[in-house]
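Below is one structure, written out as structure tokens, with a few remarks after it.
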There are 2 protein chains.
Amino acid sequence: MLEWKNSDELASWKKLKDVRLVDVRKELGGDNGAERVKTYHVPMAEGLDYNFAAKAVDKDVLEALAELGKEAQLAEKYEALYNGEMINTGEKRLVLHQLTRGQLGNDVIADGVNKREFYVEQQKKIADFAEKVHNGEIVNEKGEKFTTVVQIGIGGSDLGPRAMYLALENWAKVNGKLKMNAKFISNVDPDDAAAVLNSTDVAHAIFVLVSKSGTTLETLTNETFVKNALVRDGLDPAKHMIAVTSESSPLAKNEGYLAAFFMDNYIGGRYSSTSAVGGAVLSLAFGPEVFNEFLEGAHEEDKLACEKDPLKNPEMLDALIGVYERNFLGYGCTAVLPYSQALNRFPAHLQQLDMESNGKSVNRFGVPVNYVTGPVIFGEPGTNGQHSFYQLLHQGTDIIPLQFVGFRQNQAGMDDNIQGSTSQQKLCANVAAQIVAFACGKEDENPNKNFKGGRPSSIITGDQVTPRSLGALLSHFENKVMFQGFVWNLNSFDQEGVQLGKVLAKRVLAHDTEGALKAYSDLLNI
Amino acid sequence: MLEWKNSDELASWKKLKDVRLVDVRKELGGDNGAERVKTYHVPMAEGLDYNFAAKAVDKDVLEALAELGKEAQLAEKYEALYNGEMINTGEKRLVLHQLTRGQLGNDVIADGVNKREFYVEQQKKIADFAEKVHNGEIVNEKGEKFTTVVQIGIGGSDLGPRAMYLALENWAKVNGKLKMNAKFISNVDPDDAAAVLNSTDVAHAIFVLVSKSGTTLETLTNETFVKNALVRDGLDPAKHMIAVTSESSPLAKNEGYLAAFFMDNYIGGRYSSTSAVGGAVLSLAFGPEVFNEFLEGAHEEDKLACEKDPLKNPEMLDALIGVYERNFLGYGCTAVLPYSQALNRFPAHLQQLDMESNGKSVNRFGVPVNYVTGPVIFGEPGTNGQHSFYQLLHQGTDIIPLQFVGFRQNQAGMDDNIQGSTSQQKLCANVAAQIVAFACGKEDENPNKNFKGGRPSSIITGDQVTPRSLGALLSHFENKVMFQGFVWNLNSFDQEGVQLGKVLAKRVLAHDTEGALKAYSDLLNI
């Protein structure tokens, strides 16, 4: 029997307040530091590993967190979710993104169909379409092959697929898997679409319009913008456009599109990279096999997230440590720092995933909670961040927990030995050095050069960013965010907070304003 | 006589604690809301305007902040800085980035030369070189024109120039000013350089190596990486490389470079966009006239920052309101949200500018301070952010102050009227709507749709992102950060916090490690 209780109603929550604080400087900097690095970790799928040796936890804290995870019924709630319970209570929807990559439990029947079969069917339709584009069965008006795919979407229809594309673009080039270049149009600022169109050979481009409802204003605006440009170039938009949408949307079964692939209401935008939203653009760019490997990687990690012991479950443990830092240590932000240029825009995706899911003040029943919830997420790839905002992370007045990601090999295979080490070795040396510098600090007589340390971090390590490891990495964070939402008793799957701005923007455009809103409209010449 | 006192030693600081808190919901949402929008603003240079009507301030708070600005001697300290006092006390250096764009006060003589003349001389050398590249006097080995410029740098040698280039790229295309495409290599991850090289016609590329000391490991590594690639392509690196460095560096007067342009120790990396660091790449990309307009815009704003009355000085006022939010209202972050695709990477630049300058725990004399200092800065362009992390900004448990930027016109000139409004109108309508939604909120019976409001923001408005307005915008934030550093009594011009990581990374590469550091090195296979 599932119980949906607020965090502060749980006995284990109250107990956590009394657990002795851990000084990570001593734990990691002491004689047992090396042993700690070797033991404070949980293996993940696809060769990844979650290491939390530089977190301010010890046996007692971990036991208390494990109790919290059990009392909050994290494993049971995940099980309910993947078995098709209506977890998104606010919108009265199932939550099925894990089902796009594999079956974890029972058959899920909704809208009269087996949803796993529905997702697989869409994947097959996309694979078939992509193969026809690649082998020249589907061509442009002149009978020429398409060379570029351009995704038109915003939010989850943009950030996740874009981050995944960028993560695999160079890997694909090196491995002969880059079938088409991909580009993305998202911002309603017309300069975004104009810049993409100006740098794209539109006569050989397929545009993927992504909108679940078929009514997202920014996306439809950009679609019309693109269609107008195609017409000006003497091209027929219907020969250059496909749609990813819901079966009931005006974009489905519409002659304005070469094809339509379906998503449904059970997959939120920020969880949609493994649905048709990511599937169309990634299958066109890299081929369906690569997209399939990505799904398999995610599924393998989804399976590990089923582990009932929070201390053996990498997603649950990461989630619980995050809750501990947020609610018991009082830290308001988390920096995501991948030491991989391929993961350039991964932090921007996690920013949406996490902040849109758990940036809430009411619990899943709409009752205000008495504790802080989702943190601010930000980040840039290392080593760039080191030469930017790390100053504050090392010596600022607030402590910011850090989530590192590092890989032993780069993607492109190009590397040189310079001053006794390769670039890849330098990259890895930097992340190793930073973890210890943050956690242990260093005393110095010169107070400007004094490092207090005590700045906790974790690292996910892997061999290389590949479709499989990327899928596992994505799943890790999706499941982490889900588990944190369960602890905080939130609905992590709606986003009512974005509605008010939409309503007011419509009023501005209709000139139905007064007071401050009218004054701001005037200021911006609308 | 300048007095360098900690904030909490100032009488006006203590007084601020007693000033009545302002409810921005009532102020902006009430009958006087429109009037407030029209009066709570300070004009900036180049048609920009700083509007703070949606901040939680009123006459009393503003008067108290003005007192703080005066007691902290902000105007006098700025005057001392531009007149050549040694403001960067930790490193015993003058702080002269304003002097790269104009003379605000007395002649500044250092190292035996007039520094304004030195900066102008470098600008002229760069202009002369750029013109020769553009008109074909300086060409590649085959006598062909160069078409691309690639900046190799990291941190301030990358983020600022990159953000400025991206801000003007489309403006330049539309206005026939794009002389050469620019690209950037920064990360020591070899996949970064490999991706840029693979997508660049290197036979027609000039590489700008930027390193003040000539010893930055990441940058020299990437330089060698590039040189090796050029050699493999049968090209002579010395015919493709220029250096931006200090006069005393090993890169100066070095036959390995077509030319060398000089910066000095009086301009920190994050303040170097208007020095030769930005000058070389931007003059090559857009022509020296455009770079000069950018400098003039910055100089005009620098002049406004001299205004002694904090309430009439846009930089000082922005700085003081930020301090009020940080130290008296307890907010830990600031989100930077430009409604302009051109300013795509401007938040990443501000992130370094602000967090590296004021992320400090000791005052300028090395004594720990008893108050919080620089906030976490993050942001993405609107409208993308709206569909990403705005959920937390609207309904999360923490309040995050917001810094909007909006322009009445786009750059590319391409726009379509779709559903009764242009994309540009939709963009502007969204920023107007968001300001009011954040500040005023909206009550709703459904607690999921309830918006508490009280989330403060400011907006800088302008006509268009041009070289001049971009210069003014950059100067605004540089000076804001400087004034905040003065209030907090910090040295905003050093960055000792980045050193420890560098030292430890060298030890890892030399295999001179033990304990946890060795264990992490092993984990990453170094």
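In the structure tokens, each chain is lettered A, B, ... as it comes, each chain's residues begin at 1, and ligands are numbered from 1 in order of appearance.
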
Can you tell me, as JSON, numbers by chain, what residues are no more than 8 Å from Asp158 in chain B when counting only C-alpha atoms, ignoring any on the same chain fewer than 4 positions away? {"B": [151, 152, 153, 154, 162, 184, 185, 186]}

Please return as a ChimeraX atom specification: the residues of range 350-482 of chain A that backbone DSSP assigns to strand (DSSP E). /A:376-378,402-407,417-418,421-422,457-462

If you keep N, CA and C atoms, can you produce a file of those selected residues as a PDB file, in the first residue's frame?
```pdb
ATOM      1  N   VAL A 376      18.492  25.086  -7.593  1.00  0.00           N
ATOM      2  CA  VAL A 376      18.915  25.675  -8.871  1.00  0.00           C
ATOM      3  C   VAL A 376      20.015  24.797  -9.454  1.00  0.00           C
ATOM      4  N   ILE A 377      19.909  24.485 -10.731  1.00  0.00           N
ATOM      5  CA  ILE A 377      20.902  23.673 -11.430  1.00  0.00           C
ATOM      6  C   ILE A 377      21.586  24.539 -12.485  1.00  0.00           C
ATOM      7  N   PHE A 378      22.903  24.526 -12.499  1.00  0.00           N
ATOM      8  CA  PHE A 378      23.613  25.233 -13.573  1.00  0.00           C
ATOM      9  C   PHE A 378      24.911  24.498 -13.835  1.00  0.00           C
ATOM     10  N   LEU A 402      28.563  19.738  -6.052  1.00  0.00           N
ATOM     11  CA  LEU A 402      29.015  19.594  -7.432  1.00  0.00           C
ATOM     12  C   LEU A 402      28.752  18.184  -7.934  1.00  0.00           C
ATOM     13  N   GLN A 403      28.322  18.106  -9.186  1.00  0.00           N
ATOM     14  CA  GLN A 403      28.093  16.808  -9.811  1.00  0.00           C
ATOM     15  C   GLN A 403      29.016  16.716 -11.028  1.00  0.00           C
ATOM     16  N   PHE A 404      30.142  16.042 -10.859  1.00  0.00           N
ATOM     17  CA  PHE A 404      31.081  15.873 -11.969  1.00  0.00           C
ATOM     18  C   PHE A 404      30.705  14.659 -12.819  1.00  0.00           C
ATOM     19  N   VAL A 405      31.119  14.718 -14.079  1.00  0.00           N
ATOM     20  CA  VAL A 405      31.020  13.559 -14.977  1.00  0.00           C
ATOM     21  C   VAL A 405      32.346  13.506 -15.733  1.00  0.00           C
ATOM     22  N   GLY A 406      32.962  12.340 -15.810  1.00  0.00           N
ATOM     23  CA  GLY A 406      34.253  12.242 -16.500  1.00  0.00           C
ATOM     24  C   GLY A 406      34.407  10.926 -17.246  1.00  0.00           C
ATOM     25  N   PHE A 407      35.063  10.976 -18.385  1.00  0.00           N
ATOM     26  CA  PHE A 407      35.271   9.785 -19.212  1.00  0.00           C
ATOM     27  C   PHE A 407      36.756   9.557 -19.458  1.00  0.00           C
ATOM     28  N   ASN A 417      50.366  14.099 -27.647  1.00  0.00           N
ATOM     29  CA  ASN A 417      51.123  14.172 -26.408  1.00  0.00           C
ATOM     30  C   ASN A 417      51.883  15.496 -26.381  1.00  0.00           C
ATOM     31  N   ILE A 418      51.514  16.356 -25.449  1.00  0.00           N
ATOM     32  CA  ILE A 418      52.094  17.689 -25.371  1.00  0.00           C
ATOM     33  C   ILE A 418      52.604  17.919 -23.959  1.00  0.00           C
ATOM     34  N   SER A 421      52.002  14.713 -21.675  1.00  0.00           N
ATOM     35  CA  SER A 421      50.697  14.086 -21.479  1.00  0.00           C
ATOM     36  C   SER A 421      49.782  14.451 -22.630  1.00  0.00           C
ATOM     37  N   THR A 422      48.778  13.611 -22.855  1.00  0.00           N
ATOM     38  CA  THR A 422      47.791  13.915 -23.903  1.00  0.00           C
ATOM     39  C   THR A 422      46.767  14.916 -23.353  1.00  0.00           C
ATOM     40  N   SER A 457      31.289  16.843  -3.562  1.00  0.00           N
ATOM     41  CA  SER A 457      31.021  16.505  -4.964  1.00  0.00           C
ATOM     42  C   SER A 457      30.834  15.014  -5.126  1.00  0.00           C
ATOM     43  N   SER A 458      30.201  14.642  -6.230  1.00  0.00           N
ATOM     44  CA  SER A 458      30.198  13.245  -6.665  1.00  0.00           C
ATOM     45  C   SER A 458      30.713  13.233  -8.090  1.00  0.00           C
ATOM     46  N   ILE A 459      31.090  12.064  -8.569  1.00  0.00           N
ATOM     47  CA  ILE A 459      31.481  11.951  -9.975  1.00  0.00           C
ATOM     48  C   ILE A 459      30.901  10.677 -10.570  1.00  0.00           C
ATOM     49  N   ILE A 460      30.366  10.808 -11.754  1.00  0.00           N
ATOM     50  CA  ILE A 460      30.000   9.643 -12.555  1.00  0.00           C
ATOM     51  C   ILE A 460      31.114   9.465 -13.574  1.00  0.00           C
ATOM     52  N   THR A 461      31.752   8.290 -13.553  1.00  0.00           N
ATOM     53  CA  THR A 461      32.822   8.019 -14.506  1.00  0.00           C
ATOM     54  C   THR A 461      32.356   7.018 -15.552  1.00  0.00           C
ATOM     55  N   GLY A 462      33.028   7.026 -16.686  1.00  0.00           N
ATOM     56  CA  GLY A 462      32.722   6.073 -17.739  1.00  0.00           C
ATOM     57  C   GLY A 462      33.896   5.963 -18.696  1.00  0.00           C
TER      58      GLY A 462
END
```

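Residues surrounding Glu218 in chain B within 10 Å are Thr383, Asn384, Ser423, Lys426 and Leu427 of chain A; Ile152, Gly153, Ile154, Ser186, Asn187, Val188, Asp189, Ser211 and Glu223 of chain B [only C-alpha atoms; sequence separation below 5 positions excluded].
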
Would you please work out which residue, of A:Lys360, A:His511, A:Arg101, A:Lys452, is nearest to Gly297 in chain A when using only C-alpha atoms? A:Arg101

Quick one: residues within 9 Å of Phe146 in chain B, only C-alpha atoms, excluding same-chain residues fewer than 6 positions away - as a ChimeraX atom specification? /B:133-134,136,138-140,180,203-206

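Coordinates place CA of Ser157 in chain A at a distance of 13.8 Å from CA of Ala182 in chain A.
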